[in-house]
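S.K.: Just one file: coords30.csv, with CSV, C-alpha atoms.
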chain,number,residue,atom,x,y,z
A,1,MET,CA,106.4,107.8,124.4
A,2,LYS,CA,109.0,109.8,122.5
A,3,LYS,CA,107.4,108.7,119.2
A,4,LEU,CA,103.9,109.6,120.5
A,5,LEU,CA,105.1,113.1,121.5
A,6,GLN,CA,106.8,113.6,118.1
A,7,THR,CA,103.6,112.5,116.3
A,8,SER,CA,101.4,114.8,118.5
A,9,THR,CA,103.8,117.7,118.0
A,10,ALA,CA,103.7,117.2,114.2
A,11,THR,CA,100.0,117.1,114.2
A,12,LEU,CA,99.7,120.3,116.2
A,13,ALA,CA,102.2,122.0,114.0
A,14,PHE,CA,100.3,121.0,110.9
A,15,ALA,CA,97.1,122.3,112.3
A,16,ALA,CA,98.7,125.5,113.4
A,17,LEU,CA,100.2,126.0,109.9
A,18,PHE,CA,96.8,125.9,108.4
A,19,GLY,CA,95.1,128.0,111.0
A,20,LEU,CA,92.4,125.5,111.8
A,21,SER,CA,89.6,126.7,114.0
A,22,ALA,CA,86.6,125.2,115.8
A,23,SER,CA,84.5,125.9,112.7
A,24,VAL,CA,85.7,122.6,111.3
A,25,GLN,CA,83.3,120.9,113.8
A,26,ALA,CA,80.3,123.1,112.7
A,27,GLN,CA,79.4,121.1,109.6
A,28,ASP,CA,76.2,120.8,107.7
A,29,VAL,CA,76.1,118.3,104.9
A,30,ALA,CA,72.8,119.5,103.4
A,31,ALA,CA,74.1,123.0,103.4
A,32,GLY,CA,77.4,121.9,101.9
A,33,GLN,CA,75.6,120.2,99.0
A,34,LYS,CA,74.1,123.6,98.1
A,35,LYS,CA,77.5,125.3,98.1
A,36,VAL,CA,79.5,123.2,95.7
A,37,ALA,CA,78.6,124.9,92.4
A,38,MET,CA,82.2,126.3,92.1
A,39,CYS,CA,83.7,122.8,92.8
A,40,ILE,CA,81.8,120.6,90.4
A,41,GLY,CA,83.1,122.2,87.3
A,42,CYS,CA,86.5,120.5,87.9
A,43,HIS,CA,86.0,118.0,90.7
A,44,GLY,CA,82.7,116.7,89.5
A,45,ILE,CA,83.9,115.6,86.0
A,46,GLU,CA,85.6,112.2,85.7
A,47,GLY,CA,89.1,112.5,84.3
A,48,TYR,CA,89.0,116.3,84.2
A,49,GLN,CA,92.5,117.7,83.8
A,50,ALA,CA,94.0,120.9,85.0
A,51,SER,CA,96.9,122.7,83.4
A,52,PHE,CA,98.5,124.5,86.3
A,53,PRO,CA,101.4,124.3,87.1
A,54,GLN,CA,101.4,121.4,84.5
A,55,ILE,CA,98.8,119.1,83.1
A,56,HIS,CA,97.4,116.6,85.6
A,57,LYS,CA,94.1,115.2,86.7
A,58,VAL,CA,92.3,117.3,89.4
A,59,PRO,CA,92.3,115.4,92.7
A,60,MET,CA,89.4,113.3,93.8
A,61,ILE,CA,87.9,114.9,96.8
A,62,ALA,CA,84.7,112.8,97.4
A,63,GLY,CA,85.5,110.7,100.4
A,64,GLN,CA,88.4,112.9,101.5
A,65,SER,CA,88.8,113.8,105.2
A,66,ALA,CA,86.7,116.9,106.0
A,67,GLY,CA,89.5,118.3,108.2
A,68,TYR,CA,91.9,118.1,105.3
A,69,ILE,CA,89.6,119.7,102.9
A,70,VAL,CA,89.1,122.7,105.3
A,71,ALA,CA,92.9,122.8,105.8
A,72,SER,CA,93.5,122.9,102.1
A,73,LEU,CA,90.9,125.6,101.4
A,74,THR,CA,92.3,127.7,104.2
A,75,ALA,CA,95.8,127.3,102.8
A,76,TYR,CA,94.7,128.4,99.3
A,77,ALA,CA,92.8,131.3,100.7
A,78,LYS,CA,95.9,132.5,102.6
A,79,GLY,CA,98.2,132.0,99.7
A,80,GLU,CA,100.2,129.2,101.5
A,81,ARG,CA,99.2,127.0,98.5
A,82,LYS,CA,99.8,129.0,95.3
A,83,HIS,CA,97.1,128.3,92.8
A,84,PRO,CA,95.2,131.3,91.2
A,85,THR,CA,91.9,129.5,90.6
A,86,MET,CA,91.8,127.8,93.9
A,87,ARG,CA,92.8,131.0,95.8
A,88,GLY,CA,90.0,132.9,94.2
A,89,ILE,CA,87.5,130.2,95.1
A,90,ALA,CA,88.7,129.6,98.6
A,91,GLY,CA,89.0,133.3,99.2
A,92,SER,CA,85.3,133.7,98.5
A,93,LEU,CA,84.3,131.2,101.2
A,94,SER,CA,83.6,131.8,104.9
A,95,GLU,CA,84.9,129.3,107.5
A,96,LYS,CA,81.3,127.9,107.7
A,97,ASP,CA,81.1,127.5,104.0
A,98,MET,CA,84.4,125.5,104.0
A,99,ALA,CA,83.2,123.3,106.9
A,100,ASP,CA,79.9,122.6,105.1
A,101,ILE,CA,81.5,121.8,101.8
A,102,ALA,CA,84.1,119.6,103.5
A,103,ALA,CA,81.4,117.7,105.4
A,104,TYR,CA,79.5,117.1,102.1
A,105,TYR,CA,82.5,115.7,100.3
A,106,GLU,CA,83.7,113.6,103.2
A,107,GLN,CA,80.4,111.6,103.4
A,108,LEU,CA,80.7,110.6,99.7
A,109,ALA,CA,83.4,108.0,100.6
A,110,HIS,CA,83.5,104.7,98.8
A,111,ALA,CA,82.2,101.5,100.3
A,112,PRO,CA,83.5,98.9,101.1
A,113,VAL,CA,86.3,100.1,103.4
A,114,VAL,CA,89.8,99.7,102.0
A,115,PRO,CA,92.1,97.0,103.5
A,116,GLU,CA,93.9,97.8,106.8
A,117,ALA,CA,97.3,97.6,105.1
A,118,ALA,CA,98.5,98.6,101.7
A,119,THR,CA,99.8,96.0,99.2
A,120,ALA,CA,103.6,95.4,99.3
A,121,PRO,CA,105.6,97.8,97.1
A,122,SER,CA,108.8,97.0,95.3
A,123,ALA,CA,112.0,97.2,97.4
A,124,GLN,CA,112.9,100.5,95.9
A,125,VAL,CA,109.5,102.1,96.6
A,126,ALA,CA,109.4,100.6,100.1
A,127,ASP,CA,112.7,102.3,100.8
A,128,LEU,CA,111.4,105.6,99.5
A,129,LEU,CA,108.2,105.4,101.6
A,130,THR,CA,110.2,104.5,104.7
A,131,ARG,CA,112.6,107.4,104.2
A,132,GLY,CA,109.6,109.7,103.7
A,133,ALA,CA,107.9,108.3,106.8
A,134,CYS,CA,104.7,108.4,104.7
A,135,SER,CA,102.7,105.8,106.7
A,136,SER,CA,103.4,107.6,110.0
A,137,CYS,CA,101.0,110.3,109.0
A,138,HIS,CA,98.8,108.8,106.3
A,139,GLY,CA,98.3,105.4,107.9
A,140,ALA,CA,99.4,101.8,107.0
A,141,ASN,CA,96.9,101.7,104.1
A,142,PHE,CA,97.5,105.4,103.2
A,143,SER,CA,93.7,105.9,103.6
A,144,LYS,CA,93.5,106.2,107.4
A,145,PRO,CA,95.5,109.3,108.5
A,146,ILE,CA,96.5,109.7,112.1
A,147,ALA,CA,94.6,113.1,112.3
A,148,PRO,CA,91.8,114.7,110.2
A,149,VAL,CA,94.1,117.4,108.9
A,150,TYR,CA,96.2,114.8,107.0
A,151,PRO,CA,94.8,113.6,103.6
A,152,LYS,CA,93.9,110.2,102.4
A,153,ILE,CA,96.3,109.5,99.5
A,154,ALA,CA,95.7,105.9,98.6
A,155,GLY,CA,94.2,105.7,95.1
A,156,GLN,CA,94.5,109.4,94.4
A,157,HIS,CA,95.5,110.3,90.8
A,158,GLY,CA,99.2,109.6,90.4
A,159,ASP,CA,99.9,112.6,88.3
A,160,TYR,CA,98.2,114.9,90.8
A,161,LEU,CA,100.2,113.4,93.7
A,162,TYR,CA,103.4,113.9,91.7
A,163,VAL,CA,102.6,117.6,91.0
A,164,ALA,CA,101.6,118.1,94.7
A,165,LEU,CA,104.8,116.5,96.0
A,166,LYS,CA,107.0,118.6,93.6
A,167,SER,CA,105.2,121.7,94.7
A,168,TYR,CA,106.6,121.3,98.2
A,169,GLN,CA,110.1,121.4,96.8
A,170,THR,CA,109.4,124.8,95.0
A,171,GLN,CA,110.6,127.7,97.1
A,172,GLY,CA,110.9,131.4,96.3
A,173,ASN,CA,108.5,131.2,93.4
A,174,PRO,CA,105.6,133.8,93.8
A,175,GLY,CA,103.2,131.8,91.6
A,176,VAL,CA,103.9,128.1,92.3
A,177,GLY,CA,104.5,126.0,95.4
A,178,ARG,CA,103.1,124.9,98.8
A,179,GLY,CA,104.4,126.3,102.1
A,180,ASN,CA,104.1,123.5,104.6
A,181,ALA,CA,107.1,122.9,106.8
A,182,ILE,CA,106.5,119.2,107.4
A,183,MET,CA,106.1,118.2,103.8
A,184,MET,CA,108.8,120.5,102.6
A,185,GLY,CA,111.2,118.8,105.0
A,186,GLN,CA,110.2,115.4,103.8
A,187,VAL,CA,110.2,115.8,100.0
A,188,LYS,CA,113.4,117.8,99.7
A,189,GLN,CA,115.4,114.5,99.9
A,190,PHE,CA,113.8,113.0,96.8
A,191,SER,CA,114.5,113.3,93.1
A,192,PRO,CA,111.7,113.8,90.6
A,193,SER,CA,111.9,110.2,89.5
A,194,GLU,CA,111.7,109.0,93.1
A,195,LEU,CA,108.6,111.3,93.7
A,196,LYS,CA,107.0,109.8,90.6
A,197,ALA,CA,107.7,106.3,91.8
A,198,MET,CA,106.0,106.9,95.1
A,199,ALA,CA,103.1,108.7,93.5
A,200,ASP,CA,102.5,105.9,91.0
A,201,TYR,CA,102.5,103.3,93.8
A,202,LEU,CA,100.1,105.3,96.0
A,203,ALA,CA,97.8,105.7,93.1
A,204,SER,CA,97.6,102.0,92.6
A,205,GLN,CA,96.2,101.3,96.1
A,206,PRO,CA,92.5,100.7,97.0
A,207,SER,CA,90.8,103.9,97.8
A,208,GLU,CA,87.9,105.5,99.5
A,209,LEU,CA,88.3,108.5,97.1
A,210,ARG,CA,86.2,109.0,94.0
A,211,THR,CA,84.9,111.5,91.5
A,212,VAL,CA,81.1,112.0,91.9
A,213,ALA,CA,79.6,113.4,88.7
A,214,GLN,CA,77.2,116.3,89.4
A,215,SER,CA,75.0,118.5,87.3
A,216,ARG,CA,75.2,122.2,87.5
A,217,PHE,CA,71.4,122.3,87.1
A,218,ARG,CA,70.0,121.1,90.4
Rewrite the coordinates I just gave you, this time as C-alpha cells.

M.R.:
Amino acid sequence: MKKLLQTSTATLAFAALFGLSASVQAQDVAAGQKKVAMCIGCHGIEGYQASFPQIHKVPMIAGQSAGYIVASLTAYAKGERKHPTMRGIAGSLSEKDMADIAAYYEQLAHAPVVPEAATAPSAQVADLLTRGACSSCHGANFSKPIAPVYPKIAGQHGDYLYVALKSYQTQGNPGVGRGNAIMMGQVKQFSPSELKAMADYLASQPSELRTVAQSRFR
C-alpha cells in the first residue's frame, strides 16, 4: 500500500508540474495529421540531428504516449524545458492542437508489441537502473509507463536520452535545462559516464517508437 501511494503521489506530482488538463482527452487523429507541418521538418526525417544543446538525433515521437507528448509540449511552451525552437513551436499551439498532434503520433506505434520485460543488462547497468528506479515509472520493458504522462524510453536514440538526462542536472542556466523535480532528484546521483551507460542500454531495447517519413507537400 505504501508503494502504491508513493507511485500515485509521484504520478500526480508529475501531472501537476506539467499543468495537464482535460484537453488531453479531447483528441482528433485526423485533425492532428493536418497540424504536424512544424514537426516533420525534424521528427519526420530518419537520422536527423539537432545541435542544441549539443549534437544528437532528434527523438522518435511516432508511437510515443499522447499524454507524454502533450506534457512535453506544455513544458516547452511554459519554459520549463529550455529549448528555443521547441518553445517557439509549442507556444504557437493551443491545448487542442497539442492533444490532436499527440493523438496522431501515438497511433503510429510499431507492431508487434515489444516483450513484457527488457533484456538483462550488465551488472553495472542493472545497478544504475535500480538506483534510478527507472522501471517503477517507465515499466519493466521501459515501453509501458505506469501513467500516460511518462514517456516510453525503450529503443529511443541513445544520444538523445543522454542529452535529456543531463539536462535535468543543469540548474541555474537560463538557456539550457529541464525543470522537473522528480527527474532532477533521480539523475543528480549519476556521473556523465553512468548516464551514458544507462542511455545506451535503453536505446538497445525493442521499441514501439519510430521515425515516420513525411512529405511537406500533402

S.K.: Show which residues sit within 9 Å of stretch 124-136 of chain A, as a list in words. Count only C-alpha atoms, and ignore same-chain residues fewer than 2 positions away.

M.R.: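 Within the cut-off, the hits are Thr7, Ala120, Pro121, Ser122, His138, Gly139, Ala140, Asn141, Phe142, Pro145, Ile146, Gln186, Val187, Gln189, Phe190, Glu194, Leu195, Ala197, Met198 and Tyr201 of chain A.
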
S.K.: Please measure the separation of atom CA of A:Leu73 and atom CA of A:Ser207, giving the value in Å to one decimal.

M.R.: 22.0 Å

S.K.: To one decimal place, how far is atom CA of A:Val58 from atom CA of A:Glu46 in Å?

M.R.: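 So the two atoms, atom CA of A:Val58 and atom CA of A:Glu46, lie 9.2 Å apart.
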
S.K.: Hey, which of A:Gly185, A:Pro59, A:Pro206, A:Gly79 ends up closest to A:Gly44? Count all atoms listed in the file.

M.R.: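 Result for the nearest residue to A:Gly44: A:Pro59.
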
S.K.: If you take all atoms listed in the file and a cut-off of 7 Å, which residues of stretch 43-121 of chain A touch stretch 152-174 of chain A, and what are their nearest atom pairs and distances in Å to one decimal, in chain and number order, as JSON lines?

M.R.:
{"residue": "A:His56", "atom": "CA", "partner": "A:Asp159", "partner_atom": "CA", "distance": 5.4}
{"residue": "A:Lys57", "atom": "CA", "partner": "A:Tyr160", "partner_atom": "CA", "distance": 5.8}
{"residue": "A:Val58", "atom": "CA", "partner": "A:Tyr160", "partner_atom": "CA", "distance": 6.5}
{"residue": "A:Pro59", "atom": "CA", "partner": "A:Tyr160", "partner_atom": "CA", "distance": 6.2}
{"residue": "A:Met60", "atom": "CA", "partner": "A:Gln156", "partner_atom": "CA", "distance": 6.4}
{"residue": "A:Gln64", "atom": "CA", "partner": "A:Lys152", "partner_atom": "CA", "distance": 6.2}
{"residue": "A:Ser65", "atom": "CA", "partner": "A:Lys152", "partner_atom": "CA", "distance": 6.8}

S.K.: If you measure from atom CA of A:Lys144 to atom CA of A:Leu209, what distance in Å do you get, rounded to one decimal?

M.R.: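 For atom CA of A:Lys144 relative to atom CA of A:Leu209, the distance reads 11.8 Å.
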
S.K.: So which residues touch A:Gln27 within 10 Å, counting all atoms listed in the file, skipping near sequence neighbours fewer than 3 positions away, as number ranges by chain?

M.R.: A: 23-24, 30-32, 66, 96-104

S.K.: Save out the residues we just selected, C-alpha atoms, as a PDB file, in the frame of the given file.

M.R.:
ATOM      1  CA  SER A  23      84.500 125.900 112.700  1.00  0.00           C
ATOM      2  CA  VAL A  24      85.700 122.600 111.300  1.00  0.00           C
ATOM      3  CA  ALA A  30      72.800 119.500 103.400  1.00  0.00           C
ATOM      4  CA  ALA A  31      74.100 123.000 103.400  1.00  0.00           C
ATOM      5  CA  GLY A  32      77.400 121.900 101.900  1.00  0.00           C
ATOM      6  CA  ALA A  66      86.700 116.900 106.000  1.00  0.00           C
ATOM      7  CA  LYS A  96      81.300 127.900 107.700  1.00  0.00           C
ATOM      8  CA  ASP A  97      81.100 127.500 104.000  1.00  0.00           C
ATOM      9  CA  MET A  98      84.400 125.500 104.000  1.00  0.00           C
ATOM     10  CA  ALA A  99      83.200 123.300 106.900  1.00  0.00           C
ATOM     11  CA  ASP A 100      79.900 122.600 105.100  1.00  0.00           C
ATOM     12  CA  ILE A 101      81.500 121.800 101.800  1.00  0.00           C
ATOM     13  CA  ALA A 102      84.100 119.600 103.500  1.00  0.00           C
ATOM     14  CA  ALA A 103      81.400 117.700 105.400  1.00  0.00           C
ATOM     15  CA  TYR A 104      79.500 117.100 102.100  1.00  0.00           C
TER      16      TYR A 104
END

S.K.: Nearest to A:Asp28 among A:His83, A:Tyr105, A:Gly41, A:Tyr76, with distances taken over all atoms listed in the file: which residue is it?

M.R.: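 Closest to A:Asp28 of all the choices is A:Tyr105.
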
S.K.: From the set A:Gln205, A:Asn180, A:Gly91, A:Gly67, which residue has the shortest atom-to-atom contact distance to A:Ala147, counting only C-alpha atoms?

M.R.: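 Nearest to A:Ala147: A:Gly67.
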
S.K.: Point out the residue among A:Val36, A:Ala117, A:Pro53, A:Ala109 with the least atom-to-atom distance to A:Arg81, counting only C-alpha atoms.

M.R.: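 Smallest distance to A:Arg81 is found for A:Pro53.
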
S.K.: Let me make sure I understand: among A:Gln33, A:Gln54, A:Ser94, A:Ser72, which one has the smallest atom-to-atom distance to A:Arg178 if we use all atoms listed in the file?

M.R.: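 So, comparing all the options, the nearest one is A:Ser72.
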
S.K.: Considering all atoms listed in the file, state which residue in the set A:Thr74, A:Asp200, A:Pro112, A:Lys82 is at the smallest distance from A:Gly179.

M.R.: A:Lys82
